[in-house]
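Structure first, commentary second.
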Amino acid sequence: MEERLLNMICVGCPVGCDIKVAVEDTKVLSVEGNNCPRALEFAKAEVANPTRVFATTVRVSGGKLPVCPVRSRQAVPKNRLFDISREVARLVVPAPVEVGQVILPDACGTGVDIVASRDLKTEEESA
Amino acid sequence: MSDMHVDVAIIGAGPAGVAAGIGAREAGAENVLVLERDWDLGGILQQCIHPGFGLHTFKEELTGPEYMHRWIKRAHEAGVQFLVNSMVFKMEPDGSLWVMNPEKGIFRVVPKATVLAMGCRERPLGAINVPGSRPAGIYTAGTAQRYVNMEGYMPGHKAVILGSGDIGLIMARRMIWEGASVEGVYEIMPWAGGLRRNIAQCLDDYGIPFYLEHSVVKVHGHDRLEGITVVKVDENRRPIPGTDRFVACDTMLLAVGLIPENELSRMAGVDIHPVTGGPVLNEFYQTTRPSIFAAGNVVIVYDLADWVSQEGFAAGRNAALYSAGTLRSSERRIAIKGGKNVRLFSPQFITGCCDATVYFRVTHPIEKRCRVFAEHGLFEQKHRYVRPGEMNEVHLKGAALQALPESVAEITIDAEEV
């Protein structure tokens with residue numbers, strides 16, 4: 001397998017380093033241009049199995065708001081984002097919702113839970 | 001109607017205001033009241049449901065609502081009082097506030113010190129002179145974000161984004177995740193407005209085309225947006241003839257800048273800086289009205305909520321000290337001046353008695369090794385680059401400032417190639 005040089009922007013933190021990643025097959029040989037070790041982890045994942053934290057909303061019945069924000073507790077494979085999105089779109093969760101509450105366990109077999117990212121009271125409760 | 005007397009009143013329960021409340025309580029203020037016009041606390045971060053917040057404060061990446069959840073919990077524990085559904089509609093020069101809410105009607109809050117934490121607003125279509133019709137389907141990116149993430153409405157199915165501010169980039173990805181298409185992001189400048197990582201994870205990840213030096217020269221559609229004409233612009237931002245093309249879309253989101261929200265500040269006679277659009281401050285976050293303090297995006301628009309919370313906390317602390325009559329002060333007034341490549345900065349003055357941090361943005365990017373510095377040898381830091389989309393910091397040490405000769409009346413800050 002021949003060595004390739006990939007240009008990436010590390011999304012590990014808001015700095016967003018421009019990194020040059022030397023790759024052989026799906027193995028990272030070296031990373032240049034990074035300010036911190038996070039970039040190496042990012043590059044390894046990006047080459048072998050890119051992942052992202054997914055954030056969307058889920059429909060809520062009887063809540064102060066009609067939708068509640070949710071997120072994947074950890075990063076999920078990038079190529080499963082739309083599957084998870086469609087799965088979450090099918091759900092309706094009754095209010096009240098609590099931050100951290102599991103909304104969809106083991107989303108699409110990824111082993112990662114989708115959890116609520118805010119408290120949402122019922123329509124009647126005061127804020 | 002009876003007045004409410006408090007030590008510190010804070011306008012706005014977003015990241016700046018909530019942290020200001022905690023800062024004020026921890027500095028010893030007894031009665032600390034935060035006034036919020038929305039029904040819930042958290043400000044704009046309620047609708048920023050994507051991860052990316054809190055890496056500095058909590059050492060992990062949280063979504064906006066999670067980030068505020070932690071701060072609000074801490075504020076409740078610290079004994080900060082909140083009034084929601086409460087609109088401040090007038091501020092007096094002494095920092096007194098006229099408020100209305102559904103329970104108490106109209107009432108006055110009389111604080112010993114006030115913290116402005118109203119945040120900022122988005123520049124609307126009217127601010128950017130786009131020719132053509134005015135059909136439905138044109139929103140600021142933040143309005144669309146609220147519709148999608150809090151109200152449960154999709155603003156359209158085939159979108160374009162004008163401007164490349166972070167909210168626009170985040171909304172491009174959000175629209176894609178909700179099943180819409182995004183035809184392109186058009187930025188008039190030769191560089192992106194938002195963070196690099198948002199270009200990568202919001203546009204590149206989904207193959208959304210990103211056009212620099214492009215603008216919209218016509219809006220099409222009578223009742224509903226049907227498309228836009230985009231054009232390439234030259235280095236003077238003028239359309240280049242023959243480069244125009246039609247892009248069909250039913251939705252246009254504007255991410256063309258943020259403006260500090262200072263109507264109340266102006267009413268109270270607080271000096272507003274013509275470039276930042278926020279209050280003129282000293283290093284204590286103190287405005288030109290001594291009992292009125294300000295922090296966060298109402299002062300200068302930050303890149304990260306972490307910085308807003310940090311500044312809010314410090315402003316709240318100083319407001320508490322002021323209310324107790326123990327805020328350090330000095331007669332000295334040293335002006336901060338922006339050098340050749342400085343577009344805007346805050347604070348504009350320092351007294352020179354204590355450590356101070358000056359935040360600034362550059363006018364032009366420098367994509368090579370450069371230094372960010374303050375003259376008189378007060379600060380120097382090497383950077384790999386500086387970019388308009390990313391705030392720079394200059395840290396001035398109190399001891400070094402005190403050692404400056406009396407003749408020094410100003411300190412220039414700048415960024416330049418090395």
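Going by the structure tokens order, chains are called A, B, ..., each with residues numbered from 1, while ligands are numbered from 1 in the order shown.
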Mind checking which residues fall within 7 Å of B:His220, counting only C-alpha atoms, ignoring those fewer than 4 positions away in the same chain, and posting them as a PDB file with C-alpha atoms, in the first residue's frame?
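Once everything was written out, this is part-v3.pdb:
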```pdb
ATOM      1  CA  GLY B 132     -35.166  42.195  -5.800  1.00  0.00           C
ATOM      2  CA  SER B 133     -38.481  41.236  -4.279  1.00  0.00           C
ATOM      3  CA  LEU B 225     -38.818  32.766  -2.625  1.00  0.00           C
ATOM      4  CA  GLU B 226     -38.137  31.040  -5.972  1.00  0.00           C
ATOM      5  CA  GLY B 227     -34.442  31.659  -6.334  1.00  0.00           C
ATOM      6  CA  ILE B 228     -31.591  34.102  -6.160  1.00  0.00           C
TER       7      ILE B 228
END
```
Using only C-alpha atoms, what table do you get, as a Markdown table, when you list each residue of chain A with an atom no more than 10 Å from chain B, its nearest pair of atoms, and their distance in Å rounded to one decimal, rows by chain then rising number?
```
| residue | atom | partner | partner_atom | distance |
| --- | --- | --- | --- | --- |
| A:Met8 | CA | B:Ala200 | CA | 8.1 |
| A:Ile9 | CA | B:Ala200 | CA | 6.3 |
| A:Cys10 | CA | B:Arg197 | CA | 6.7 |
| A:Val11 | CA | B:Arg197 | CA | 5.0 |
| A:Gly12 | CA | B:Arg197 | CA | 8.3 |
| A:Cys13 | CA | B:Gly52 | CA | 7.4 |
| A:Pro14 | CA | B:Arg197 | CA | 6.5 |
| A:Val15 | CA | B:Arg197 | CA | 7.4 |
| A:Gly16 | CA | B:Arg197 | CA | 4.8 |
| A:Cys17 | CA | B:Arg196 | CA | 8.0 |
| A:Asp18 | CA | B:Arg196 | CA | 8.6 |
| A:Gly33 | CA | B:Arg384 | CA | 9.5 |
| A:Asn35 | CA | B:Arg384 | CA | 9.9 |
| A:Arg52 | CA | B:Gln201 | CA | 8.6 |
| A:Val53 | CA | B:Pro51 | CA | 7.2 |
| A:Phe54 | CA | B:His50 | CA | 7.7 |
| A:Ala55 | CA | B:His50 | CA | 5.4 |
| A:Thr56 | CA | B:Ile49 | CA | 7.1 |
| A:Thr57 | CA | B:Asn149 | CA | 6.3 |
| A:Val58 | CA | B:Gly152 | CA | 8.9 |
| A:Arg59 | CA | B:Gly152 | CA | 7.8 |
| A:Val60 | CA | B:Gly152 | CA | 9.8 |
| A:Lys64 | CA | B:Trp39 | CA | 9.9 |
| A:Leu65 | CA | B:Glu151 | CA | 6.5 |
| A:Pro66 | CA | B:Gly152 | CA | 6.1 |
| A:Val67 | CA | B:Gly152 | CA | 5.7 |
| A:Cys68 | CA | B:Met150 | CA | 7.0 |
| A:Pro69 | CA | B:Ile49 | CA | 6.1 |
| A:Val70 | CA | B:Ile49 | CA | 7.7 |
| A:Arg71 | CA | B:His50 | CA | 7.9 |
| A:Ser72 | CA | B:Pro51 | CA | 9.8 |
| A:Arg73 | CA | B:Leu62 | CA | 9.9 |
| A:Lys78 | CA | B:Asp205 | CA | 8.9 |
| A:Leu81 | CA | B:Trp177 | CA | 8.0 |
| A:Phe82 | CA | B:Trp177 | CA | 6.8 |
| A:Ile84 | CA | B:Trp177 | CA | 9.9 |
| A:Ser85 | CA | B:Trp177 | CA | 6.9 |
| A:Arg86 | CA | B:Glu178 | CA | 8.8 |
| A:Ala89 | CA | B:Glu178 | CA | 9.0 |
| A:Val99 | CA | B:Glu66 | CA | 7.5 |
| A:Gly100 | CA | B:Glu66 | CA | 9.0 |
| A:Ala116 | CA | B:Glu66 | CA | 9.2 |
| A:Ser117 | CA | B:Glu66 | CA | 5.5 |
| A:Arg118 | CA | B:Pro65 | CA | 5.6 |
| A:Asp119 | CA | B:His69 | CA | 8.2 |
| A:Ser126 | CA | B:Trp39 | CA | 8.8 |
| A:Ala127 | CA | B:Asp40 | CA | 6.0 |
```
Can you measure atom CA of B:Pro102 to atom CA of B:Met87 for me? One decimal in Å is fine. 9.9 Å
Test item: residues at most 10 Å from B:Val270, only C-alpha atoms, excluding those fewer than 2 positions along its chain, as a list in words: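 Near neighbours after the sequence-gap exclusion: Glu92, Pro93, Gly95, Asn262, Leu264, Ser265, Arg266, Met267, Ala268, Ile272, His273, Gly278, Pro279, Val280, Leu281, Thr287, Thr288, Arg289, Pro290, Ile292 and Phe293 of chain B.
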What's around stretch 23-32 of chain A at 12 Å? Count only C-alpha atoms, leave out sequence neighbours fewer than 4 positions away in its own chain, and write the answer as a PyMOL selection string. chain A and resi 1-10+17-19+36-50
Export of the given selection (N, CA and C atoms) as a PDB file, in the first residue's frame:
```
ATOM      1  N   MET A   1       0.859  -1.201   0.000  1.00  0.00           N
ATOM      2  CA  MET A   1       0.000   0.000   0.000  1.00  0.00           C
ATOM      3  C   MET A   1       0.885   1.237   0.000  1.00  0.00           C
ATOM      4  N   GLU A   2       0.544   2.180  -0.834  1.00  0.00           N
ATOM      5  CA  GLU A   2       1.440   3.342  -0.879  1.00  0.00           C
ATOM      6  C   GLU A   2       0.994   4.430   0.077  1.00  0.00           C
ATOM      7  N   GLU A   3       1.961   5.252   0.436  1.00  0.00           N
ATOM      8  CA  GLU A   3       1.710   6.288   1.432  1.00  0.00           C
ATOM      9  C   GLU A   3       0.988   7.466   0.774  1.00  0.00           C
ATOM     10  N   ARG A   4      -0.016   7.977   1.451  1.00  0.00           N
ATOM     11  CA  ARG A   4      -0.745   9.147   0.945  1.00  0.00           C
ATOM     12  C   ARG A   4      -0.670  10.273   1.974  1.00  0.00           C
ATOM     13  N   LEU A   5      -0.791  11.498   1.490  1.00  0.00           N
ATOM     14  CA  LEU A   5      -0.783  12.649   2.388  1.00  0.00           C
ATOM     15  C   LEU A   5      -2.142  13.340   2.284  1.00  0.00           C
ATOM     16  N   LEU A   6      -2.887  13.375   3.387  1.00  0.00           N
ATOM     17  CA  LEU A   6      -4.219  13.985   3.368  1.00  0.00           C
ATOM     18  C   LEU A   6      -4.205  15.320   4.104  1.00  0.00           C
ATOM     19  N   ASN A   7      -4.921  16.307   3.582  1.00  0.00           N
ATOM     20  CA  ASN A   7      -5.113  17.577   4.281  1.00  0.00           C
ATOM     21  C   ASN A   7      -6.457  17.529   4.989  1.00  0.00           C
ATOM     22  N   MET A   8      -6.447  17.849   6.262  1.00  0.00           N
ATOM     23  CA  MET A   8      -7.704  17.841   7.026  1.00  0.00           C
ATOM     24  C   MET A   8      -7.744  19.057   7.931  1.00  0.00           C
ATOM     25  N   ILE A   9      -8.946  19.405   8.359  1.00  0.00           N
ATOM     26  CA  ILE A   9      -9.097  20.365   9.446  1.00  0.00           C
ATOM     27  C   ILE A   9      -9.558  19.550  10.647  1.00  0.00           C
ATOM     28  N   CYS A  10      -8.784  19.589  11.707  1.00  0.00           N
ATOM     29  CA  CYS A  10      -9.161  18.848  12.916  1.00  0.00           C
ATOM     30  C   CYS A  10     -10.382  19.526  13.532  1.00  0.00           C
ATOM     31  N   CYS A  17      -7.285  23.153  13.725  1.00  0.00           N
ATOM     32  CA  CYS A  17      -5.956  23.121  13.097  1.00  0.00           C
ATOM     33  C   CYS A  17      -6.014  22.522  11.694  1.00  0.00           C
ATOM     34  N   ASP A  18      -5.244  23.125  10.775  1.00  0.00           N
ATOM     35  CA  ASP A  18      -5.003  22.521   9.467  1.00  0.00           C
ATOM     36  C   ASP A  18      -3.956  21.444   9.674  1.00  0.00           C
ATOM     37  N   ILE A  19      -4.304  20.204   9.406  1.00  0.00           N
ATOM     38  CA  ILE A  19      -3.311  19.145   9.637  1.00  0.00           C
ATOM     39  C   ILE A  19      -3.017  18.392   8.349  1.00  0.00           C
ATOM     40  N   CYS A  36      -2.164  20.250  19.354  1.00  0.00           N
ATOM     41  CA  CYS A  36      -2.373  19.396  20.533  1.00  0.00           C
ATOM     42  C   CYS A  36      -2.590  17.948  20.106  1.00  0.00           C
ATOM     43  N   PRO A  37      -2.515  17.021  21.075  1.00  0.00           N
ATOM     44  CA  PRO A  37      -2.592  15.587  20.749  1.00  0.00           C
ATOM     45  C   PRO A  37      -3.962  15.138  20.224  1.00  0.00           C
ATOM     46  N   ARG A  38      -4.991  15.939  20.474  1.00  0.00           N
ATOM     47  CA  ARG A  38      -6.334  15.609  20.002  1.00  0.00           C
ATOM     48  C   ARG A  38      -6.356  15.314  18.492  1.00  0.00           C
ATOM     49  N   ALA A  39      -5.495  16.027  17.747  1.00  0.00           N
ATOM     50  CA  ALA A  39      -5.484  15.897  16.291  1.00  0.00           C
ATOM     51  C   ALA A  39      -5.113  14.491  15.852  1.00  0.00           C
ATOM     52  N   LEU A  40      -4.219  13.836  16.598  1.00  0.00           N
ATOM     53  CA  LEU A  40      -3.809  12.479  16.232  1.00  0.00           C
ATOM     54  C   LEU A  40      -5.002  11.537  16.373  1.00  0.00           C
ATOM     55  N   GLU A  41      -5.725  11.666  17.495  1.00  0.00           N
ATOM     56  CA  GLU A  41      -6.920  10.847  17.716  1.00  0.00           C
ATOM     57  C   GLU A  41      -7.949  11.104  16.610  1.00  0.00           C
ATOM     58  N   PHE A  42      -8.113  12.382  16.289  1.00  0.00           N
ATOM     59  CA  PHE A  42      -9.074  12.746  15.253  1.00  0.00           C
ATOM     60  C   PHE A  42      -8.675  12.117  13.926  1.00  0.00           C
ATOM     61  N   ALA A  43      -7.401  12.259  13.565  1.00  0.00           N
ATOM     62  CA  ALA A  43      -6.921  11.740  12.277  1.00  0.00           C
ATOM     63  C   ALA A  43      -7.093  10.229  12.194  1.00  0.00           C
ATOM     64  N   LYS A  44      -6.766   9.533  13.286  1.00  0.00           N
ATOM     65  CA  LYS A  44      -6.905   8.062  13.303  1.00  0.00           C
ATOM     66  C   LYS A  44      -8.351   7.658  13.035  1.00  0.00           C
ATOM     67  N   ALA A  45      -9.272   8.313  13.746  1.00  0.00           N
ATOM     68  CA  ALA A  45     -10.690   8.000  13.579  1.00  0.00           C
ATOM     69  C   ALA A  45     -11.154   8.381  12.176  1.00  0.00           C
ATOM     70  N   GLU A  46     -10.662   9.512  11.687  1.00  0.00           N
ATOM     71  CA  GLU A  46     -11.113  10.026  10.398  1.00  0.00           C
ATOM     72  C   GLU A  46     -10.715   9.082   9.257  1.00  0.00           C
ATOM     73  N   VAL A  47      -9.568   8.444   9.417  1.00  0.00           N
ATOM     74  CA  VAL A  47      -9.077   7.549   8.376  1.00  0.00           C
ATOM     75  C   VAL A  47      -9.735   6.170   8.472  1.00  0.00           C
ATOM     76  N   ALA A  48      -9.872   5.664   9.701  1.00  0.00           N
ATOM     77  CA  ALA A  48     -10.393   4.307   9.886  1.00  0.00           C
ATOM     78  C   ALA A  48     -11.923   4.275   9.899  1.00  0.00           C
ATOM     79  N   ASN A  49     -12.529   5.161  10.684  1.00  0.00           N
ATOM     80  CA  ASN A  49     -13.981   5.148  10.860  1.00  0.00           C
ATOM     81  C   ASN A  49     -14.417   6.526  11.364  1.00  0.00           C
ATOM     82  N   PRO A  50     -14.690   7.452  10.448  1.00  0.00           N
ATOM     83  CA  PRO A  50     -15.024   8.813  10.887  1.00  0.00           C
ATOM     84  C   PRO A  50     -16.290   8.819  11.740  1.00  0.00           C
TER      85      PRO A  50
END
```
Mind listing the strand (DSSP E or B) residues of stretch 8-113 of chain A, per DSSP on the backbone, as an MDAnalysis selection string? chainID A and resid 8:9 18:24 27:32 51:52 55:61 63 67:72 76:77 92:94 97 102:104
Alpha helix (DSSP H) call set, DSSP backbone run, chain A, as JSON, numbers by chain: {"A": [38, 39, 40, 41, 42, 43, 44, 45, 46, 47, 48, 81, 82, 83, 84, 85, 86, 87, 88, 89]}
Next, dump the selected residues to file, keeping only N, CA and C atoms, as a CSV table (one decimal), in the first residue's frame.
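Wrote again39.csv, looks like this:
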```csv
chain,number,residue,atom,x,y,z
A,38,ARG,N,-5.0,15.9,20.5
A,38,ARG,CA,-6.3,15.6,20.0
A,38,ARG,C,-6.4,15.3,18.5
A,39,ALA,N,-5.5,16.0,17.7
A,39,ALA,CA,-5.5,15.9,16.3
A,39,ALA,C,-5.1,14.5,15.9
A,40,LEU,N,-4.2,13.8,16.6
A,40,LEU,CA,-3.8,12.5,16.2
A,40,LEU,C,-5.0,11.5,16.4
A,41,GLU,N,-5.7,11.7,17.5
A,41,GLU,CA,-6.9,10.8,17.7
A,41,GLU,C,-7.9,11.1,16.6
A,42,PHE,N,-8.1,12.4,16.3
A,42,PHE,CA,-9.1,12.7,15.3
A,42,PHE,C,-8.7,12.1,13.9
A,43,ALA,N,-7.4,12.3,13.6
A,43,ALA,CA,-6.9,11.7,12.3
A,43,ALA,C,-7.1,10.2,12.2
A,44,LYS,N,-6.8,9.5,13.3
A,44,LYS,CA,-6.9,8.1,13.3
A,44,LYS,C,-8.4,7.7,13.0
A,45,ALA,N,-9.3,8.3,13.7
A,45,ALA,CA,-10.7,8.0,13.6
A,45,ALA,C,-11.2,8.4,12.2
A,46,GLU,N,-10.7,9.5,11.7
A,46,GLU,CA,-11.1,10.0,10.4
A,46,GLU,C,-10.7,9.1,9.3
A,47,VAL,N,-9.6,8.4,9.4
A,47,VAL,CA,-9.1,7.5,8.4
A,47,VAL,C,-9.7,6.2,8.5
A,48,ALA,N,-9.9,5.7,9.7
A,48,ALA,CA,-10.4,4.3,9.9
A,48,ALA,C,-11.9,4.3,9.9
A,81,LEU,N,-25.4,8.6,10.5
A,81,LEU,CA,-26.1,9.8,11.0
A,81,LEU,C,-27.6,9.9,10.4
A,82,PHE,N,-27.7,9.6,9.1
A,82,PHE,CA,-29.1,9.8,8.6
A,82,PHE,C,-30.0,8.6,9.0
A,83,ASP,N,-29.4,7.4,9.2
A,83,ASP,CA,-30.3,6.3,9.8
A,83,ASP,C,-30.8,6.7,11.2
A,84,ILE,N,-29.9,7.3,12.0
A,84,ILE,CA,-30.3,7.7,13.3
A,84,ILE,C,-31.3,8.8,13.3
A,85,SER,N,-31.1,9.8,12.4
A,85,SER,CA,-32.0,10.9,12.2
A,85,SER,C,-33.4,10.4,11.9
A,86,ARG,N,-33.5,9.4,11.0
A,86,ARG,CA,-34.8,8.9,10.6
A,86,ARG,C,-35.5,8.2,11.8
A,87,GLU,N,-34.7,7.5,12.5
A,87,GLU,CA,-35.2,6.7,13.7
A,87,GLU,C,-35.7,7.7,14.7
A,88,VAL,N,-35.0,8.8,15.0
A,88,VAL,CA,-35.4,9.7,16.0
A,88,VAL,C,-36.7,10.4,15.6
A,89,ALA,N,-36.8,10.7,14.3
A,89,ALA,CA,-37.9,11.4,13.7
A,89,ALA,C,-39.2,10.6,13.9
```
Just the residues within 12 Å of B:Ala127, please, counting only C-alpha atoms, with nothing from its chain fewer than 6 positions along; format it as JSON, numbers by chain. {"B": [140, 254, 255, 256, 257, 258, 259]}
Stretch 372-377 of chain B: which residues within 12 Å, counting only C-alpha atoms, same-chain residues fewer than 4 positions away excluded, as a ChimeraX atom specification? /B:336-339,341-342,356-362,366,381-387,391-397,400-401,403-405,408-418
Can I get the selection written as a PDB file, in the first residue's frame, with C-alpha atoms?
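The resulting part.pdb:
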```pdb
ATOM      1  CA  ILE B 336      -6.026  51.238  24.223  1.00  0.00           C
ATOM      2  CA  LYS B 337      -5.393  51.907  20.528  1.00  0.00           C
ATOM      3  CA  GLY B 338      -5.829  49.436  17.689  1.00  0.00           C
ATOM      4  CA  GLY B 339      -2.866  49.209  15.277  1.00  0.00           C
ATOM      5  CA  ASN B 341      -4.470  45.347  11.406  1.00  0.00           C
ATOM      6  CA  VAL B 342      -6.962  45.779  14.252  1.00  0.00           C
ATOM      7  CA  ALA B 356      -6.212  43.341  32.100  1.00  0.00           C
ATOM      8  CA  THR B 357      -7.156  41.327  29.019  1.00  0.00           C
ATOM      9  CA  VAL B 358      -7.829  43.082  25.730  1.00  0.00           C
ATOM     10  CA  TYR B 359      -9.784  41.172  23.081  1.00  0.00           C
ATOM     11  CA  PHE B 360      -9.439  42.122  19.432  1.00  0.00           C
ATOM     12  CA  ARG B 361     -10.172  41.039  15.888  1.00  0.00           C
ATOM     13  CA  VAL B 362      -7.890  41.619  12.910  1.00  0.00           C
ATOM     14  CA  ILE B 366      -2.123  36.708   8.123  1.00  0.00           C
ATOM     15  CA  GLN B 381       2.773  36.076  21.626  1.00  0.00           C
ATOM     16  CA  LYS B 382       3.688  34.174  18.464  1.00  0.00           C
ATOM     17  CA  HIS B 383       0.872  32.729  16.357  1.00  0.00           C
ATOM     18  CA  ARG B 384       0.829  30.485  13.303  1.00  0.00           C
ATOM     19  CA  TYR B 385      -1.806  32.758  11.811  1.00  0.00           C
ATOM     20  CA  VAL B 386      -4.384  35.370  12.722  1.00  0.00           C
ATOM     21  CA  ARG B 387      -7.804  35.485  11.083  1.00  0.00           C
ATOM     22  CA  MET B 391     -10.680  36.632  18.417  1.00  0.00           C
ATOM     23  CA  ASN B 392      -7.190  37.433  19.698  1.00  0.00           C
ATOM     24  CA  GLU B 393      -6.205  38.188  23.280  1.00  0.00           C
ATOM     25  CA  VAL B 394      -3.606  40.496  24.760  1.00  0.00           C
ATOM     26  CA  HIS B 395      -2.819  39.965  28.430  1.00  0.00           C
ATOM     27  CA  LEU B 396      -1.441  42.956  30.299  1.00  0.00           C
ATOM     28  CA  LYS B 397       0.148  42.432  33.703  1.00  0.00           C
ATOM     29  CA  ALA B 400       4.093  46.047  34.299  1.00  0.00           C
ATOM     30  CA  LEU B 401       1.297  48.587  33.845  1.00  0.00           C
ATOM     31  CA  ALA B 403       5.687  50.461  36.217  1.00  0.00           C
ATOM     32  CA  LEU B 404       4.835  52.461  33.059  1.00  0.00           C
ATOM     33  CA  PRO B 405       6.011  56.091  33.182  1.00  0.00           C
ATOM     34  CA  VAL B 408       2.365  56.900  28.763  1.00  0.00           C
ATOM     35  CA  ALA B 409      -1.224  57.780  27.852  1.00  0.00           C
ATOM     36  CA  GLU B 410      -1.936  55.031  25.367  1.00  0.00           C
ATOM     37  CA  ILE B 411      -1.028  51.454  24.501  1.00  0.00           C
ATOM     38  CA  THR B 412      -1.243  50.218  20.923  1.00  0.00           C
ATOM     39  CA  ILE B 413      -2.089  46.582  20.274  1.00  0.00           C
ATOM     40  CA  ASP B 414      -1.659  44.866  16.912  1.00  0.00           C
ATOM     41  CA  ALA B 415      -0.849  41.701  14.980  1.00  0.00           C
ATOM     42  CA  GLU B 416       1.908  41.630  12.363  1.00  0.00           C
ATOM     43  CA  GLU B 417       4.115  39.263  10.398  1.00  0.00           C
ATOM     44  CA  VAL B 418       7.433  38.282  11.939  1.00  0.00           C
TER      45      VAL B 418
END
```
Using only C-alpha atoms, which residues sit within 10 Å of stretch 315-321 of chain B once same-chain residues fewer than 6 positions away are excluded, as a PyMOL selection string? chain B and resi 7-10+16-32+112-117+283-286+290-296+309+327-328
